[in-house]
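Below is data.csv, holding CSV, C-alpha atoms.
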```csv
chain,number,residue,atom,x,y,z
R,149,MET,CA,-18.1,-55.1,20.6
R,150,ALA,CA,-19.3,-54.0,17.1
R,151,SER,CA,-22.2,-52.1,18.6
R,152,ARG,CA,-20.1,-50.3,21.1
R,153,GLU,CA,-17.7,-49.2,18.3
R,154,GLN,CA,-20.5,-48.0,16.2
R,155,GLY,CA,-22.0,-46.1,19.1
R,156,ALA,CA,-18.6,-44.4,19.7
R,157,GLY,CA,-18.4,-43.5,16.0
R,158,ALA,CA,-21.9,-42.0,16.1
R,159,ALA,CA,-21.0,-40.0,19.2
R,160,ARG,CA,-18.1,-38.4,17.3
R,161,GLY,CA,-20.4,-37.5,14.4
R,162,PRO,CA,-20.1,-38.1,10.7
R,163,GLY,CA,-16.8,-37.2,9.1
R,164,VAL,CA,-15.0,-36.7,12.4
R,165,ARG,CA,-11.8,-38.7,12.6
R,166,LYS,CA,-9.8,-39.4,15.7
R,167,PRO,CA,-6.4,-37.6,15.7
R,168,PRO,CA,-3.4,-39.9,14.9
R,169,ARG,CA,-1.6,-41.4,17.9
R,170,LYS,CA,1.5,-39.5,19.0
R,171,GLY,CA,3.9,-42.1,17.7
R,172,LEU,CA,2.2,-42.2,14.3
R,173,LEU,CA,2.1,-38.4,14.1
R,174,GLU,CA,5.9,-38.2,14.9
R,175,LYS,CA,6.7,-40.7,12.2
R,176,ARG,CA,4.6,-38.9,9.7
R,177,GLN,CA,6.4,-35.6,10.5
R,178,ALA,CA,9.7,-37.3,10.2
R,179,ILE,CA,8.7,-38.7,6.8
R,180,GLU,CA,7.7,-35.2,5.7
R,181,ARG,CA,10.9,-33.6,6.9
R,182,GLY,CA,13.0,-36.3,5.2
R,183,ALA,CA,10.9,-35.9,2.0
R,184,ARG,CA,11.5,-32.1,1.9
R,185,THR,CA,15.2,-32.7,2.3
R,186,VAL,CA,15.5,-35.4,-0.4
R,187,PHE,CA,13.2,-33.8,-2.9
R,188,GLY,CA,15.0,-30.5,-2.5
R,189,ARG,CA,18.4,-32.2,-3.0
R,190,GLU,CA,17.6,-34.8,-5.6
R,191,GLY,CA,14.5,-33.5,-7.4
R,192,TYR,CA,11.2,-35.3,-7.9
R,193,THR,CA,12.4,-37.8,-10.5
R,194,GLY,CA,15.8,-38.4,-8.8
R,195,ALA,CA,14.4,-38.9,-5.3
R,196,SER,CA,13.6,-42.5,-4.3
R,197,VAL,CA,11.4,-43.7,-1.5
R,198,ASP,CA,14.4,-45.7,-0.1
R,199,ALA,CA,16.4,-42.5,0.1
R,200,ILE,CA,13.5,-40.7,1.8
R,201,ALA,CA,13.1,-43.5,4.3
R,202,ALA,CA,16.8,-43.4,5.1
R,203,GLU,CA,16.7,-39.6,5.6
R,204,ALA,CA,13.6,-39.9,7.8
R,205,GLY,CA,15.0,-42.9,9.8
R,206,VAL,CA,12.0,-45.1,9.0
R,207,SER,CA,11.3,-48.1,6.8
R,208,THR,CA,9.9,-47.9,3.3
R,209,ARG,CA,6.9,-49.9,4.6
R,210,THR,CA,6.2,-47.1,7.2
R,211,ILE,CA,6.2,-44.6,4.4
R,212,TYR,CA,3.7,-46.6,2.4
R,213,ASN,CA,1.6,-46.9,5.5
R,214,HIS,CA,1.2,-43.1,5.4
R,215,PHE,CA,1.3,-42.3,1.7
R,216,THR,CA,0.1,-44.2,-1.4
R,217,ASP,CA,3.2,-43.5,-3.5
R,218,LYS,CA,6.0,-40.9,-4.1
R,219,GLU,CA,3.7,-38.6,-6.0
R,220,GLU,CA,1.3,-38.3,-3.1
R,221,LEU,CA,4.2,-37.7,-0.7
R,222,PHE,CA,5.6,-35.0,-2.9
R,223,ARG,CA,2.2,-33.4,-3.3
R,224,GLU,CA,1.7,-33.3,0.5
R,225,VAL,CA,5.0,-31.8,1.5
R,226,PHE,CA,5.3,-29.3,-1.4
R,227,LEU,CA,1.8,-27.9,-1.1
R,228,ALA,CA,2.1,-27.7,2.7
R,229,SER,CA,5.3,-25.8,2.2
R,230,ALA,CA,3.8,-23.5,-0.3
R,231,ALA,CA,0.9,-22.8,2.0
R,232,SER,CA,3.3,-21.9,4.8
R,233,VAL,CA,5.1,-19.4,2.6
R,234,THR,CA,1.8,-17.9,1.5
R,235,ALA,CA,0.7,-17.5,5.1
R,236,ASP,CA,3.9,-15.7,5.9
R,237,SER,CA,3.6,-13.4,2.9
R,238,THR,CA,0.0,-12.4,3.6
R,239,ASP,CA,0.9,-11.8,7.3
R,240,LEU,CA,3.8,-9.6,6.1
R,241,PHE,CA,1.5,-7.6,3.9
R,242,ALA,CA,-1.1,-7.2,6.7
R,243,ARG,CA,1.5,-5.8,9.1
R,244,HIS,CA,3.1,-3.4,6.6
R,245,PHE,CA,0.0,-2.1,4.8
R,246,ARG,CA,-1.8,-1.5,8.1
R,247,HIS,CA,0.5,1.4,8.7
R,248,PHE,CA,1.2,2.3,5.1
R,249,GLY,CA,1.3,6.0,4.3
R,250,ARG,CA,0.8,7.2,7.9
R,251,ALA,CA,4.3,8.8,7.9
R,252,VAL,CA,3.4,10.4,4.5
R,253,ASP,CA,6.5,8.6,3.1
R,254,VAL,CA,5.3,5.9,0.7
R,255,GLU,CA,8.8,5.2,-0.5
R,256,ALA,CA,10.0,4.5,3.0
R,257,ASP,CA,7.0,2.2,3.6
R,258,LEU,CA,7.7,0.3,0.3
R,259,LEU,CA,11.4,-0.1,1.2
R,260,ALA,CA,10.5,-1.5,4.6
R,261,LEU,CA,8.1,-3.9,3.0
R,262,GLY,CA,10.6,-5.0,0.3
R,263,ARG,CA,13.4,-5.6,2.8
R,264,GLU,CA,11.3,-8.0,4.8
R,265,TRP,CA,9.7,-9.6,1.7
R,266,VAL,CA,13.1,-10.6,0.2
R,267,GLY,CA,14.1,-12.2,3.5
R,268,GLN,CA,11.7,-15.1,2.8
R,269,ASN,CA,14.5,-16.9,0.8
R,270,SER,CA,16.5,-17.4,4.0
R,271,LYS,CA,13.4,-18.0,6.1
R,272,HIS,CA,12.1,-20.9,3.9
R,273,PRO,CA,15.2,-22.5,2.4
R,274,GLU,CA,13.6,-25.9,2.0
R,275,HIS,CA,10.7,-24.6,0.1
R,276,PHE,CA,12.8,-22.6,-2.4
R,277,ALA,CA,15.0,-25.7,-2.8
R,278,LEU,CA,11.9,-27.5,-4.0
R,279,VAL,CA,11.0,-24.6,-6.3
R,280,ARG,CA,14.5,-24.8,-7.9
R,281,GLN,CA,13.9,-28.5,-8.6
R,282,ILE,CA,10.5,-27.7,-10.2
R,283,ILE,CA,12.1,-25.1,-12.5
R,284,THR,CA,14.9,-27.6,-13.4
R,285,GLU,CA,12.6,-30.6,-14.0
R,286,GLY,CA,9.6,-28.9,-15.5
R,287,PRO,CA,7.5,-31.3,-17.6
R,288,ARG,CA,8.6,-34.3,-15.6
R,289,MET,CA,6.8,-33.0,-12.5
R,290,PRO,CA,3.1,-34.0,-11.8
R,291,ALA,CA,1.2,-31.2,-13.7
R,292,ASP,CA,-1.7,-31.1,-11.3
R,293,VAL,CA,0.6,-30.5,-8.4
R,294,ILE,CA,2.3,-27.6,-10.2
R,295,GLU,CA,-1.1,-26.1,-11.0
R,296,GLU,CA,-2.3,-26.4,-7.3
R,297,TRP,CA,1.0,-24.9,-6.1
R,298,GLN,CA,0.4,-21.8,-8.4
R,299,ARG,CA,-3.2,-21.5,-6.9
R,300,VAL,CA,-2.3,-21.8,-3.2
R,301,GLY,CA,1.1,-20.0,-3.6
R,302,PRO,CA,2.0,-17.3,-6.1
R,303,GLN,CA,-1.6,-16.6,-7.3
R,304,THR,CA,-3.0,-16.2,-3.7
R,305,VAL,CA,-0.1,-14.0,-2.7
R,306,ARG,CA,-0.6,-11.7,-5.7
R,307,ALA,CA,-4.4,-11.6,-5.2
R,308,ASP,CA,-3.8,-10.4,-1.6
R,309,LEU,CA,-1.3,-7.9,-2.7
R,310,ALA,CA,-3.6,-6.6,-5.4
R,311,GLU,CA,-6.4,-6.0,-2.9
R,312,ARG,CA,-4.2,-4.0,-0.6
R,313,LEU,CA,-2.8,-1.9,-3.4
R,314,ARG,CA,-6.4,-1.3,-4.6
R,315,GLU,CA,-7.3,0.0,-1.1
R,316,LEU,CA,-4.3,2.4,-1.1
R,317,ALA,CA,-5.1,3.6,-4.6
R,318,ASP,CA,-8.6,4.5,-3.3
R,319,GLN,CA,-6.9,6.6,-0.6
R,320,GLY,CA,-4.9,8.4,-3.2
R,321,LEU,CA,-1.5,7.0,-2.3
R,322,PHE,CA,-1.0,5.3,-5.7
R,323,ASP,CA,-2.3,6.0,-9.2
R,324,ILE,CA,-3.5,2.5,-10.1
R,325,ASP,CA,-6.1,1.5,-12.7
R,326,ASP,CA,-5.3,-2.2,-12.7
R,327,ALA,CA,-4.5,-3.5,-9.3
R,328,ASP,CA,-3.8,-7.0,-10.5
R,329,ALA,CA,-1.2,-5.7,-13.0
R,330,ALA,CA,0.3,-3.5,-10.3
R,331,ALA,CA,0.6,-6.4,-7.9
R,332,ARG,CA,2.4,-8.5,-10.6
R,333,HIS,CA,4.8,-5.6,-11.3
R,334,LEU,CA,5.6,-5.2,-7.6
R,335,SER,CA,6.1,-8.9,-7.2
R,336,LEU,CA,8.6,-8.9,-10.1
R,337,LEU,CA,10.4,-5.7,-9.1
R,338,ILE,CA,10.9,-6.7,-5.5
R,339,GLY,CA,10.1,-10.4,-5.1
R,340,GLY,CA,12.0,-11.0,-8.3
R,341,ILE,CA,15.2,-11.0,-6.3
R,342,THR,CA,14.5,-14.7,-5.9
R,343,LEU,CA,15.4,-15.1,-9.6
R,344,GLU,CA,18.7,-13.1,-9.1
R,345,SER,CA,19.7,-15.6,-6.3
R,346,PHE,CA,18.2,-18.6,-8.2
R,347,PHE,CA,15.8,-19.1,-5.3
R,348,GLY,CA,18.4,-18.8,-2.6
R,349,ALA,CA,21.1,-20.9,-4.2
R,350,VAL,CA,23.4,-17.9,-4.9
R,351,ARG,CA,24.2,-15.8,-1.8
R,352,LEU,CA,23.8,-12.1,-2.3
R,353,SER,CA,25.4,-9.5,-0.2
R,354,ALA,CA,23.4,-7.1,2.0
R,355,ALA,CA,24.4,-4.3,-0.4
R,356,GLN,CA,23.2,-6.2,-3.4
R,357,VAL,CA,19.9,-6.9,-1.8
R,358,GLU,CA,19.4,-3.3,-0.7
R,359,LYS,CA,20.3,-2.0,-4.2
R,360,PHE,CA,17.8,-4.5,-5.8
R,361,VAL,CA,15.0,-3.5,-3.4
R,362,ALA,CA,15.7,0.3,-3.8
R,363,SER,CA,15.7,0.1,-7.6
R,364,GLY,CA,12.5,-2.0,-7.5
R,365,VAL,CA,10.7,0.6,-5.3
R,366,TRP,CA,12.0,3.4,-7.5
R,367,ALA,CA,10.6,1.8,-10.6
R,368,PHE,CA,7.2,1.0,-9.0
R,369,LEU,CA,6.8,4.5,-7.9
R,370,LYS,CA,7.6,5.8,-11.4
R,371,LEU,CA,4.9,3.6,-12.7
R,372,TYR,CA,2.3,4.0,-10.0
R,373,GLY,CA,3.2,7.0,-7.9
R,374,PRO,CA,0.4,9.6,-7.4
R,375,SER,CA,0.2,12.2,-10.2
```

Rewritten as structure tokens:
Amino acid sequence: MASREQGAGAARGPGVRKPPRKGLLEKRQAIERGARTVFGREGYTGASVDAIAAEAGVSTRTIYNHFTDKEELFREVFLASAASVTADSTDLFARHFRHFGRAVDVEADLLALGREWVGQNSKHPEHFALVRQIITEGPRMPADVIEEWQRVGPQTVRADLAERLRELADQGLFDIDDADAAARHLSLLIGGITLESFFGAVRLSAAQVEKFVASGVWAFLKLYGPS
């Protein structure tokens, strides 16, 4: 029996693991959903494994079969959530910047980008609930998780935005010397609406959102519009 098992393992190759069985995968997904809900509601320090188990409809033993402890579970769900938001942001940039400036109306292009960008609050409510808890709890959160979130989340988004702005500046659509600074400014002027709504906790009217986006675009063009 041992030799057959070793042979099967060798056939799969080193480092290749069998995918989890369907039942195990479904339970893991239920745990992750429950963890996002409880962490977003109670915060990291306030959340208990018992509460997450109840939310997920599993036993605490099942959670510990999948995750070493609460910190590992938080790391898993938060970083996966951040990666999802980052992927949506870079996809958004790719779609909008692909056609940027073709209508020779940079302001209209920026407004269209901004309107969709600020919609991420409502598209990813669970993620921004987690971000609210991070801001509230601050030093009580695992520091390495926060650093990794910055790397896979905001820093990656700004780097992608900076590269796209740099390309448009090379085409003469913007007057930008420091693309990294320009990306940070655009993130604050448009993406900063998340602070106005406290990451989705405060509902803003459509008129408020439009006014915020329009004023951000106006300020960015004053700073970086072509001479």

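Of note, CA of Asp236 (chain R) and CA of Gly373 (chain R) are spaced 26.6 Å apart.
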
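Straight-line separation from CA of Ser375 (chain R) to CA of Phe322 (chain R): 8.3 Å.
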
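Among R:Leu313, R:Ala195, R:Glu190, R:Ala204, the residue with the shortest atom-to-atom distance to Gln177 (chain R), counting all atoms listed in the file, is R:Ala204.
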
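Going from CA of Leu259 (chain R) over to CA of Glu358 (chain R), you cover 8.8 Å.
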
Which polymer residues have any atom within 7 Å of an atom of region 206-218 of chain R, counting all atoms listed in the file, with same-chain residues fewer than 6 positions away left out, as a short mmCIF file (atom, residue, chain, number, x, y, z; two decimals) with C-alpha atoms, in the frame of the given file?
```
data_model
loop_
_atom_site.label_atom_id
_atom_site.label_comp_id
_atom_site.auth_asym_id
_atom_site.auth_seq_id
_atom_site.Cartn_x
_atom_site.Cartn_y
_atom_site.Cartn_z
CA ARG R 176 4.60 -38.90 9.70
CA ILE R 179 8.70 -38.70 6.80
CA VAL R 197 11.40 -43.70 -1.50
CA ASP R 198 14.40 -45.70 -0.10
#
```

Name the residues in contact with Trp265 (chain R) at a cut-off of 8 Å, using all atoms listed in the file, excluding same-chain residues fewer than 2 positions from it; report them as an MDAnalysis selection string. chainID R and resid 237 240 261:263 267:268 338:339

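Each of R:Gln319, R:Thr284, R:Ser345, R:Thr304 was checked against Pro374 (chain R) using only C-alpha atoms; the smallest atom-to-atom distance is that of R:Gln319.
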
Which residues come within 9 Å of Ala199 (chain R), counting only C-alpha atoms, excluding same-chain residues fewer than 5 positions away, as a count of residues only? 4

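Between Gln303 (chain R) and the residues R:Asp239, R:His247, R:Ala231, R:Gly364, the shortest atom-to-atom distance, using all atoms listed in the file, involves R:Ala231.
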
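Distances here use only C-alpha atoms; by that measure, the residue among R:Leu278, R:Ala307, R:Leu352, R:Val254 closest to Phe368 (chain R) is R:Val254.
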
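Distances here use only C-alpha atoms; by that measure, the residue among R:Val357, R:Arg246, R:Glu219, R:Ser196 closest to Glu315 (chain R) is R:Arg246.
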
Taking only C-alpha atoms into account, which of R:Ala260, R:Ile200, R:Leu336, R:Leu343 comes nearest Phe276 (chain R)? R:Leu343
